[in-house]
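See below for the structure under consideration.
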Amino acid sequence: MTNIRKDCLLDELNWNLSAGADEVIAEEPCDYFAVSTAKPAKEALLPTSAPAPAAFTAAAPAAPATAAASDLKTISTLAELKEEMLSFKGCGLKTTATNTVFADGVPTAPVMIIGEAPGADEDRIGLPFVGKSGMLLDKMLESIGLSRARNVYISNILPWRPPGNRAPTPAEVVACLPFIKRHIELVAPKILVFLGASAASALLGVTESVSRIRGKWFKYEGTPALVTFHPAYLLRTPLQKKSGWQDMLALEEKLAEETAKETKKEM
Ligand code: URA
């Protein structure tokens, strides 16, 4: 291959990556532009066994076939909930994701943390917050004596990665919301922490920016809920790490309060 040809191919790959088309989903390459100008029958547009390319399906919001909250009420264990999610067909993101990222940590933990959606590392490994932002999250938690190995449970609003790490569409959030709601009910933590705007708006219905509502305590179905910056945002905006640290201190204080209340009740 000549160097010029190689450079062209690399440019094209980079262009696709920046457009969010970062998944290979068909065995054979297909020139979709050529097919569409020839105006063939609709079904001939795609190789028979292949789903539409990620960049195209990703842009189209999934038909909002929401997980029925009433059906999920009959689910009484996390294992059953995971099974239900594995067989759910109402969210298009599942077709491009490698894994269903369910949760990590201790299911009986007093603190449950909820992020937005898996990224590339999480999708590959099948666990939430295992990439760069996860490492920062672990450090932040460790600074106040918390860790997913001992006393924290972590999940996301969406269990499937949006291709190219784009923001989830409202339809995708609506489709998956009953899952995380039931997930919270089953874990029944003492304290919830919502990382970033997606989690805060989906579960609290707030529309203000995170910088306005971070560090404040809300109630989610009676459980104290703290909104704080998403660690990916803190990585991009290190000046805000100070606020992230203040929020961790607020979390530590609230946890001590909630634990003391419980101990008193038991006496
Ligand atoms: N960002 C999230 O919101 N969740 C993850 O699991 C990873 C990155």
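In the structure tokens, chains take letters A, B, ... by order of appearance, with residues numbered from 1 within each chain and ligands from 1 in the order shown.
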Shell around Leu249 of chain A at 12 Å using only C-alpha atoms, local window under 3 positions removed, as a list in words:
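So, after excluding close chain neighbours, the residues are Met140, Leu141, Glu142, Ser143, Ile144, Gly145, Leu146, Gly215, Leu226, Thr228, Lys242, Ser243, Gly244, Trp245, Gln246, Glu252, Glu253, Lys254, Leu255 and Ala256 of chain A.
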DSSP alpha helix (DSSP H) residues within segment 58-195 of chain A, listed as a short mmCIF file (atom, residue, chain, number, x, y, z; two decimals) with N, CA, C and O atoms, in the first residue's frame:
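Output saved as selection_12.cif:
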```cif
data_model
loop_
_atom_site.label_atom_id
_atom_site.label_comp_id
_atom_site.auth_asym_id
_atom_site.auth_seq_id
_atom_site.Cartn_x
_atom_site.Cartn_y
_atom_site.Cartn_z
N ALA A 58 -27.71 5.06 15.34
CA ALA A 58 -27.48 5.83 16.54
C ALA A 58 -28.25 7.14 16.50
O ALA A 58 -28.77 7.61 17.50
N ALA A 59 -28.34 7.76 15.32
CA ALA A 59 -28.98 9.05 15.24
C ALA A 59 -30.49 8.93 15.39
O ALA A 59 -31.16 9.84 15.85
N ALA A 69 -43.04 -0.52 33.88
CA ALA A 69 -42.73 -0.42 35.31
C ALA A 69 -43.57 -1.42 36.11
O ALA A 69 -43.09 -2.02 37.07
N SER A 70 -44.84 -1.62 35.68
CA SER A 70 -45.71 -2.52 36.45
C SER A 70 -45.21 -3.97 36.37
O SER A 70 -45.26 -4.71 37.34
N ASP A 71 -44.68 -4.37 35.21
CA ASP A 71 -44.13 -5.72 35.08
C ASP A 71 -42.91 -5.89 35.98
O ASP A 71 -42.69 -6.95 36.57
N LEU A 72 -42.11 -4.84 36.04
CA LEU A 72 -40.87 -4.94 36.83
C LEU A 72 -41.17 -5.07 38.33
O LEU A 72 -40.33 -5.53 39.09
N LEU A 78 -32.05 -8.85 42.17
CA LEU A 78 -31.21 -8.19 41.16
C LEU A 78 -30.91 -9.14 40.00
O LEU A 78 -30.83 -8.71 38.85
N ALA A 79 -30.78 -10.42 40.30
CA ALA A 79 -30.49 -11.40 39.24
C ALA A 79 -31.65 -11.44 38.25
O ALA A 79 -31.44 -11.48 37.03
N GLU A 80 -32.88 -11.40 38.77
CA GLU A 80 -34.05 -11.40 37.87
C GLU A 80 -34.09 -10.12 37.04
O GLU A 80 -34.43 -10.13 35.86
N LEU A 81 -33.75 -9.01 37.70
CA LEU A 81 -33.77 -7.73 36.97
C LEU A 81 -32.76 -7.76 35.82
O LEU A 81 -33.04 -7.33 34.70
N LYS A 82 -31.60 -8.31 36.11
CA LYS A 82 -30.57 -8.40 35.07
C LYS A 82 -31.07 -9.27 33.90
O LYS A 82 -30.89 -8.91 32.73
N GLU A 83 -31.69 -10.39 34.24
CA GLU A 83 -32.24 -11.28 33.19
C GLU A 83 -33.22 -10.52 32.31
O GLU A 83 -33.22 -10.64 31.09
N GLU A 84 -34.09 -9.74 32.97
CA GLU A 84 -35.11 -8.97 32.25
C GLU A 84 -34.44 -7.97 31.30
O GLU A 84 -34.88 -7.79 30.16
N MET A 85 -33.36 -7.35 31.76
CA MET A 85 -32.67 -6.38 30.92
C MET A 85 -31.98 -7.08 29.74
O MET A 85 -31.93 -6.57 28.63
N LEU A 86 -31.45 -8.26 30.02
CA LEU A 86 -30.77 -9.00 28.95
C LEU A 86 -31.74 -9.40 27.84
O LEU A 86 -31.35 -9.51 26.68
N LEU A 93 -29.98 0.84 21.42
CA LEU A 93 -28.56 0.87 21.80
C LEU A 93 -28.01 -0.53 22.03
O LEU A 93 -26.83 -0.78 21.86
N LYS A 94 -28.92 -1.43 22.40
CA LYS A 94 -28.47 -2.78 22.72
C LYS A 94 -27.85 -3.47 21.51
O LYS A 94 -26.94 -4.30 21.65
N THR A 95 -28.32 -3.10 20.31
CA THR A 95 -27.83 -3.79 19.11
C THR A 95 -26.38 -3.44 18.79
O THR A 95 -25.68 -4.21 18.15
N THR A 96 -25.93 -2.26 19.24
CA THR A 96 -24.54 -1.90 18.95
C THR A 96 -23.62 -2.10 20.15
O THR A 96 -22.40 -2.02 20.01
N ALA A 120 -16.71 3.37 26.25
CA ALA A 120 -16.08 2.28 25.49
C ALA A 120 -15.48 1.21 26.41
O ALA A 120 -15.65 0.01 26.18
N ASP A 121 -14.78 1.63 27.47
CA ASP A 121 -14.13 0.66 28.37
C ASP A 121 -15.17 -0.18 29.10
O ASP A 121 -15.03 -1.39 29.25
N GLU A 122 -16.22 0.50 29.55
CA GLU A 122 -17.28 -0.20 30.30
C GLU A 122 -17.99 -1.20 29.40
O GLU A 122 -18.31 -2.32 29.81
N ASP A 123 -18.23 -0.78 28.15
CA ASP A 123 -18.90 -1.66 27.19
C ASP A 123 -18.06 -2.91 26.92
O ASP A 123 -18.56 -4.02 26.83
N ARG A 124 -16.75 -2.71 26.83
CA ARG A 124 -15.84 -3.82 26.53
C ARG A 124 -15.77 -4.78 27.73
O ARG A 124 -15.83 -5.99 27.57
N ILE A 125 -15.69 -4.21 28.94
CA ILE A 125 -15.48 -5.04 30.13
C ILE A 125 -16.79 -5.51 30.75
O ILE A 125 -16.86 -6.56 31.38
N LYS A 132 -11.22 5.91 32.55
CA LYS A 132 -10.52 7.01 33.23
C LYS A 132 -11.41 7.70 34.26
O LYS A 132 -10.97 8.02 35.36
N SER A 133 -12.68 7.94 33.89
CA SER A 133 -13.55 8.64 34.85
C SER A 133 -13.84 7.73 36.05
O SER A 133 -14.00 8.21 37.17
N GLY A 134 -13.86 6.43 35.81
CA GLY A 134 -14.07 5.49 36.91
C GLY A 134 -12.90 5.52 37.89
O GLY A 134 -13.08 5.42 39.11
N MET A 135 -11.69 5.68 37.34
CA MET A 135 -10.51 5.72 38.22
C MET A 135 -10.58 6.95 39.12
O MET A 135 -10.26 6.90 40.30
N LEU A 136 -11.02 8.08 38.51
CA LEU A 136 -11.15 9.29 39.33
C LEU A 136 -12.25 9.09 40.38
O LEU A 136 -12.07 9.45 41.55
N LEU A 137 -13.35 8.49 39.96
CA LEU A 137 -14.45 8.24 40.91
C LEU A 137 -13.95 7.39 42.08
O LEU A 137 -14.22 7.70 43.25
N ASP A 138 -13.21 6.34 41.77
CA ASP A 138 -12.68 5.47 42.85
C ASP A 138 -11.81 6.26 43.82
O ASP A 138 -11.88 6.09 45.04
N LYS A 139 -10.98 7.17 43.27
CA LYS A 139 -10.09 7.97 44.14
C LYS A 139 -10.91 8.90 45.03
O LYS A 139 -10.62 9.07 46.21
N MET A 140 -11.96 9.50 44.42
CA MET A 140 -12.80 10.42 45.20
C MET A 140 -13.48 9.67 46.34
O MET A 140 -13.55 10.15 47.47
N LEU A 141 -13.98 8.48 46.03
CA LEU A 141 -14.68 7.69 47.05
C LEU A 141 -13.71 7.26 48.15
O LEU A 141 -14.01 7.34 49.34
N GLU A 142 -12.55 6.80 47.70
CA GLU A 142 -11.54 6.33 48.65
C GLU A 142 -11.18 7.44 49.65
O GLU A 142 -10.93 7.18 50.82
N PRO A 170 -33.57 11.39 24.60
CA PRO A 170 -34.65 11.29 25.60
C PRO A 170 -35.42 9.98 25.46
O PRO A 170 -35.79 9.36 26.46
N ALA A 171 -35.63 9.51 24.22
CA ALA A 171 -36.39 8.26 24.02
C ALA A 171 -35.64 7.07 24.63
O ALA A 171 -36.26 6.17 25.21
N GLU A 172 -34.33 7.07 24.51
CA GLU A 172 -33.54 5.97 25.09
C GLU A 172 -33.61 5.99 26.61
O GLU A 172 -33.74 4.95 27.27
N VAL A 173 -33.57 7.22 27.17
CA VAL A 173 -33.65 7.33 28.63
C VAL A 173 -35.02 6.84 29.10
O VAL A 173 -35.13 6.06 30.04
N VAL A 174 -36.08 7.30 28.40
CA VAL A 174 -37.44 6.90 28.80
C VAL A 174 -37.60 5.38 28.72
O VAL A 174 -38.17 4.75 29.61
N ALA A 175 -37.04 4.80 27.66
CA ALA A 175 -37.18 3.34 27.47
C ALA A 175 -36.54 2.56 28.62
O ALA A 175 -37.05 1.52 29.04
N CYS A 176 -35.42 3.06 29.13
CA CYS A 176 -34.67 2.29 30.14
C CYS A 176 -34.95 2.72 31.57
O CYS A 176 -34.54 2.02 32.51
N LEU A 177 -35.61 3.85 31.76
CA LEU A 177 -35.78 4.40 33.11
C LEU A 177 -36.42 3.42 34.12
O LEU A 177 -35.96 3.34 35.27
N PRO A 178 -37.45 2.68 33.75
CA PRO A 178 -38.04 1.76 34.73
C PRO A 178 -37.02 0.76 35.30
O PRO A 178 -37.15 0.33 36.45
N PHE A 179 -36.00 0.42 34.51
CA PHE A 179 -35.00 -0.53 35.01
C PHE A 179 -34.20 0.06 36.17
O PHE A 179 -34.05 -0.58 37.21
N ILE A 180 -33.70 1.28 35.98
CA ILE A 180 -32.87 1.84 37.06
C ILE A 180 -33.75 2.17 38.27
O ILE A 180 -33.31 2.05 39.42
N LYS A 181 -35.03 2.52 38.00
CA LYS A 181 -35.91 2.81 39.14
C LYS A 181 -36.13 1.55 39.99
O LYS A 181 -36.06 1.60 41.21
N ARG A 182 -36.38 0.45 39.31
CA ARG A 182 -36.57 -0.82 40.06
C ARG A 182 -35.25 -1.24 40.73
O ARG A 182 -35.25 -1.76 41.84
N HIS A 183 -34.15 -0.97 40.01
CA HIS A 183 -32.82 -1.28 40.55
C HIS A 183 -32.62 -0.57 41.89
O HIS A 183 -32.19 -1.17 42.88
N ILE A 184 -32.98 0.70 41.93
CA ILE A 184 -32.83 1.48 43.18
C ILE A 184 -33.73 0.88 44.26
O ILE A 184 -33.31 0.71 45.41
N GLU A 185 -34.96 0.53 43.87
CA GLU A 185 -35.89 -0.03 44.88
C GLU A 185 -35.32 -1.32 45.48
O GLU A 185 -35.42 -1.56 46.67
N LEU A 186 -34.73 -2.15 44.62
CA LEU A 186 -34.22 -3.44 45.11
C LEU A 186 -32.99 -3.27 46.00
O LEU A 186 -32.81 -3.99 46.98
N VAL A 187 -32.14 -2.30 45.64
CA VAL A 187 -30.92 -2.09 46.45
C VAL A 187 -31.28 -1.35 47.75
O VAL A 187 -30.70 -1.62 48.80
#
```
List as JSON lines every residue of chain A that is in contact with ligand 1, defined as an atom at most 7 Å from one of its atoms (using only C-alpha atoms and all ligand atoms), together with the nearest atom pair and the distance in Å rounded to one decimal, sorted by chain and then rising number.
```
{"residue": "A:Gly115", "atom": "CA", "partner": "ligand 1", "partner_atom_place_in_ligand_line": "3 (O)", "distance": 3.8}
{"residue": "A:Glu116", "atom": "CA", "partner": "ligand 1", "partner_atom_place_in_ligand_line": "3 (O)", "distance": 3.5}
{"residue": "A:Ala117", "atom": "CA", "partner": "ligand 1", "partner_atom_place_in_ligand_line": "4 (N)", "distance": 4.4}
{"residue": "A:Pro118", "atom": "CA", "partner": "ligand 1", "partner_atom_place_in_ligand_line": "6 (O)", "distance": 4.0}
{"residue": "A:Gly119", "atom": "CA", "partner": "ligand 1", "partner_atom_place_in_ligand_line": "7 (C)", "distance": 5.0}
{"residue": "A:Glu122", "atom": "CA", "partner": "ligand 1", "partner_atom_place_in_ligand_line": "6 (O)", "distance": 5.8}
{"residue": "A:Leu127", "atom": "CA", "partner": "ligand 1", "partner_atom_place_in_ligand_line": "6 (O)", "distance": 6.9}
{"residue": "A:Pro128", "atom": "CA", "partner": "ligand 1", "partner_atom_place_in_ligand_line": "6 (O)", "distance": 3.5}
{"residue": "A:Phe129", "atom": "CA", "partner": "ligand 1", "partner_atom_place_in_ligand_line": "6 (O)", "distance": 3.9}
{"residue": "A:Val130", "atom": "CA", "partner": "ligand 1", "partner_atom_place_in_ligand_line": "7 (C)", "distance": 6.7}
{"residue": "A:Gly131", "atom": "CA", "partner": "ligand 1", "partner_atom_place_in_ligand_line": "7 (C)", "distance": 6.7}
{"residue": "A:Ser133", "atom": "CA", "partner": "ligand 1", "partner_atom_place_in_ligand_line": "8 (C)", "distance": 6.1}
{"residue": "A:Gly134", "atom": "CA", "partner": "ligand 1", "partner_atom_place_in_ligand_line": "7 (C)", "distance": 6.4}
{"residue": "A:Ser155", "atom": "CA", "partner": "ligand 1", "partner_atom_place_in_ligand_line": "6 (O)", "distance": 6.9}
{"residue": "A:Asn156", "atom": "CA", "partner": "ligand 1", "partner_atom_place_in_ligand_line": "4 (N)", "distance": 5.8}
{"residue": "A:Ala232", "atom": "CA", "partner": "ligand 1", "partner_atom_place_in_ligand_line": "1 (N)", "distance": 6.8}
```
Please, could you write that set of residues out with N, CA, C and O atoms as a CSV table (one decimal), in the first residue's frame?
```
chain,number,residue,atom,x,y,z
A,115,GLY,N,-24.6,6.8,37.3
A,115,GLY,CA,-24.0,7.7,36.2
A,115,GLY,C,-25.0,7.7,35.1
A,115,GLY,O,-26.1,7.4,35.2
A,116,GLU,N,-24.4,8.0,33.9
A,116,GLU,CA,-25.2,8.2,32.7
A,116,GLU,C,-25.3,6.9,31.9
A,116,GLU,O,-26.4,6.3,31.8
A,117,ALA,N,-24.2,6.5,31.3
A,117,ALA,CA,-24.2,5.3,30.4
A,117,ALA,C,-22.8,4.8,30.3
A,117,ALA,O,-21.9,5.6,30.4
A,118,PRO,N,-22.7,3.5,30.0
A,118,PRO,CA,-21.3,3.0,29.8
A,118,PRO,C,-20.6,3.7,28.7
A,118,PRO,O,-21.2,4.2,27.7
A,119,GLY,N,-19.2,3.8,28.8
A,119,GLY,CA,-18.4,4.3,27.7
A,119,GLY,C,-17.7,3.1,27.1
A,119,GLY,O,-18.1,2.0,27.3
A,122,GLU,N,-16.2,0.5,29.6
A,122,GLU,CA,-17.3,-0.2,30.3
A,122,GLU,C,-18.0,-1.2,29.4
A,122,GLU,O,-18.3,-2.3,29.8
A,127,LEU,N,-18.6,-3.7,33.0
A,127,LEU,CA,-18.8,-3.1,34.3
A,127,LEU,C,-18.8,-1.6,34.3
A,127,LEU,O,-18.1,-1.0,33.4
A,128,PRO,N,-19.6,-0.9,35.2
A,128,PRO,CA,-19.6,0.5,35.1
A,128,PRO,C,-18.4,1.2,35.7
A,128,PRO,O,-17.7,0.6,36.5
A,129,PHE,N,-18.1,2.3,35.1
A,129,PHE,CA,-17.0,3.2,35.6
A,129,PHE,C,-15.6,2.4,35.8
A,129,PHE,O,-15.1,2.4,36.9
A,130,VAL,N,-15.2,1.8,34.7
A,130,VAL,CA,-13.9,1.2,34.8
A,130,VAL,C,-12.8,1.9,34.0
A,130,VAL,O,-11.7,1.5,33.9
A,131,GLY,N,-13.2,3.0,33.3
A,131,GLY,CA,-12.3,3.7,32.4
A,131,GLY,C,-11.7,4.9,33.3
A,131,GLY,O,-11.6,4.8,34.5
A,133,SER,N,-12.7,7.9,33.9
A,133,SER,CA,-13.5,8.6,34.8
A,133,SER,C,-13.8,7.7,36.0
A,133,SER,O,-14.0,8.2,37.2
A,134,GLY,N,-13.9,6.4,35.8
A,134,GLY,CA,-14.1,5.5,36.9
A,134,GLY,C,-12.9,5.5,37.9
A,134,GLY,O,-13.1,5.4,39.1
A,155,SER,N,-24.3,2.0,39.4
A,155,SER,CA,-25.0,1.6,38.1
A,155,SER,C,-25.1,2.9,37.3
A,155,SER,O,-24.6,3.9,37.6
A,156,ASN,N,-25.9,2.7,36.2
A,156,ASN,CA,-26.1,3.8,35.3
A,156,ASN,C,-27.6,4.0,34.9
A,156,ASN,O,-28.3,3.0,35.0
A,232,ALA,N,-16.2,12.5,34.5
A,232,ALA,CA,-15.7,12.8,33.2
A,232,ALA,C,-15.6,14.3,33.0
A,232,ALA,O,-14.6,14.9,32.4
```
Selected residue, from A:Ala250, A:Lys241, A:Leu204, A:Gly196, that lies nearest to Lys216 of chain A when counting only C-alpha atoms:
A:Ala250
Please indicate the distance in Å from atom CA of Ser147 of chain A to atom CA of Trp160 of chain A, rounded to one decimal place.
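Separation of atom CA of Ser147 of chain A and atom CA of Trp160 of chain A: 23.5 Å.
Separating atom CA of Phe88 of chain A from atom CA of Pro168 of chain A is a distance of 17.3 Å.
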Backbone DSSP call of strand (DSSP E or B) for segment 65-127 of chain A, listed as a ChimeraX atom specification
/A:104-105,111-115
Pick from A:Thr2, A:Ser211, A:Thr66, A:Thr108 nearest to Tyr233 of chain A, counting only C-alpha atoms
A:Ser211
Counting only C-alpha atoms, which of A:Ser87, A:Asn151, A:Thr237, A:Asn99 gets nearest to Met112 of chain A?
A:Asn151
Just how far from atom CA of Val111 of chain A is atom CA of Met248 of chain A, in Å to one decimal?
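Result for atom CA of Met248 of chain A versus atom CA of Val111 of chain A: 12.0 Å, one decimal.
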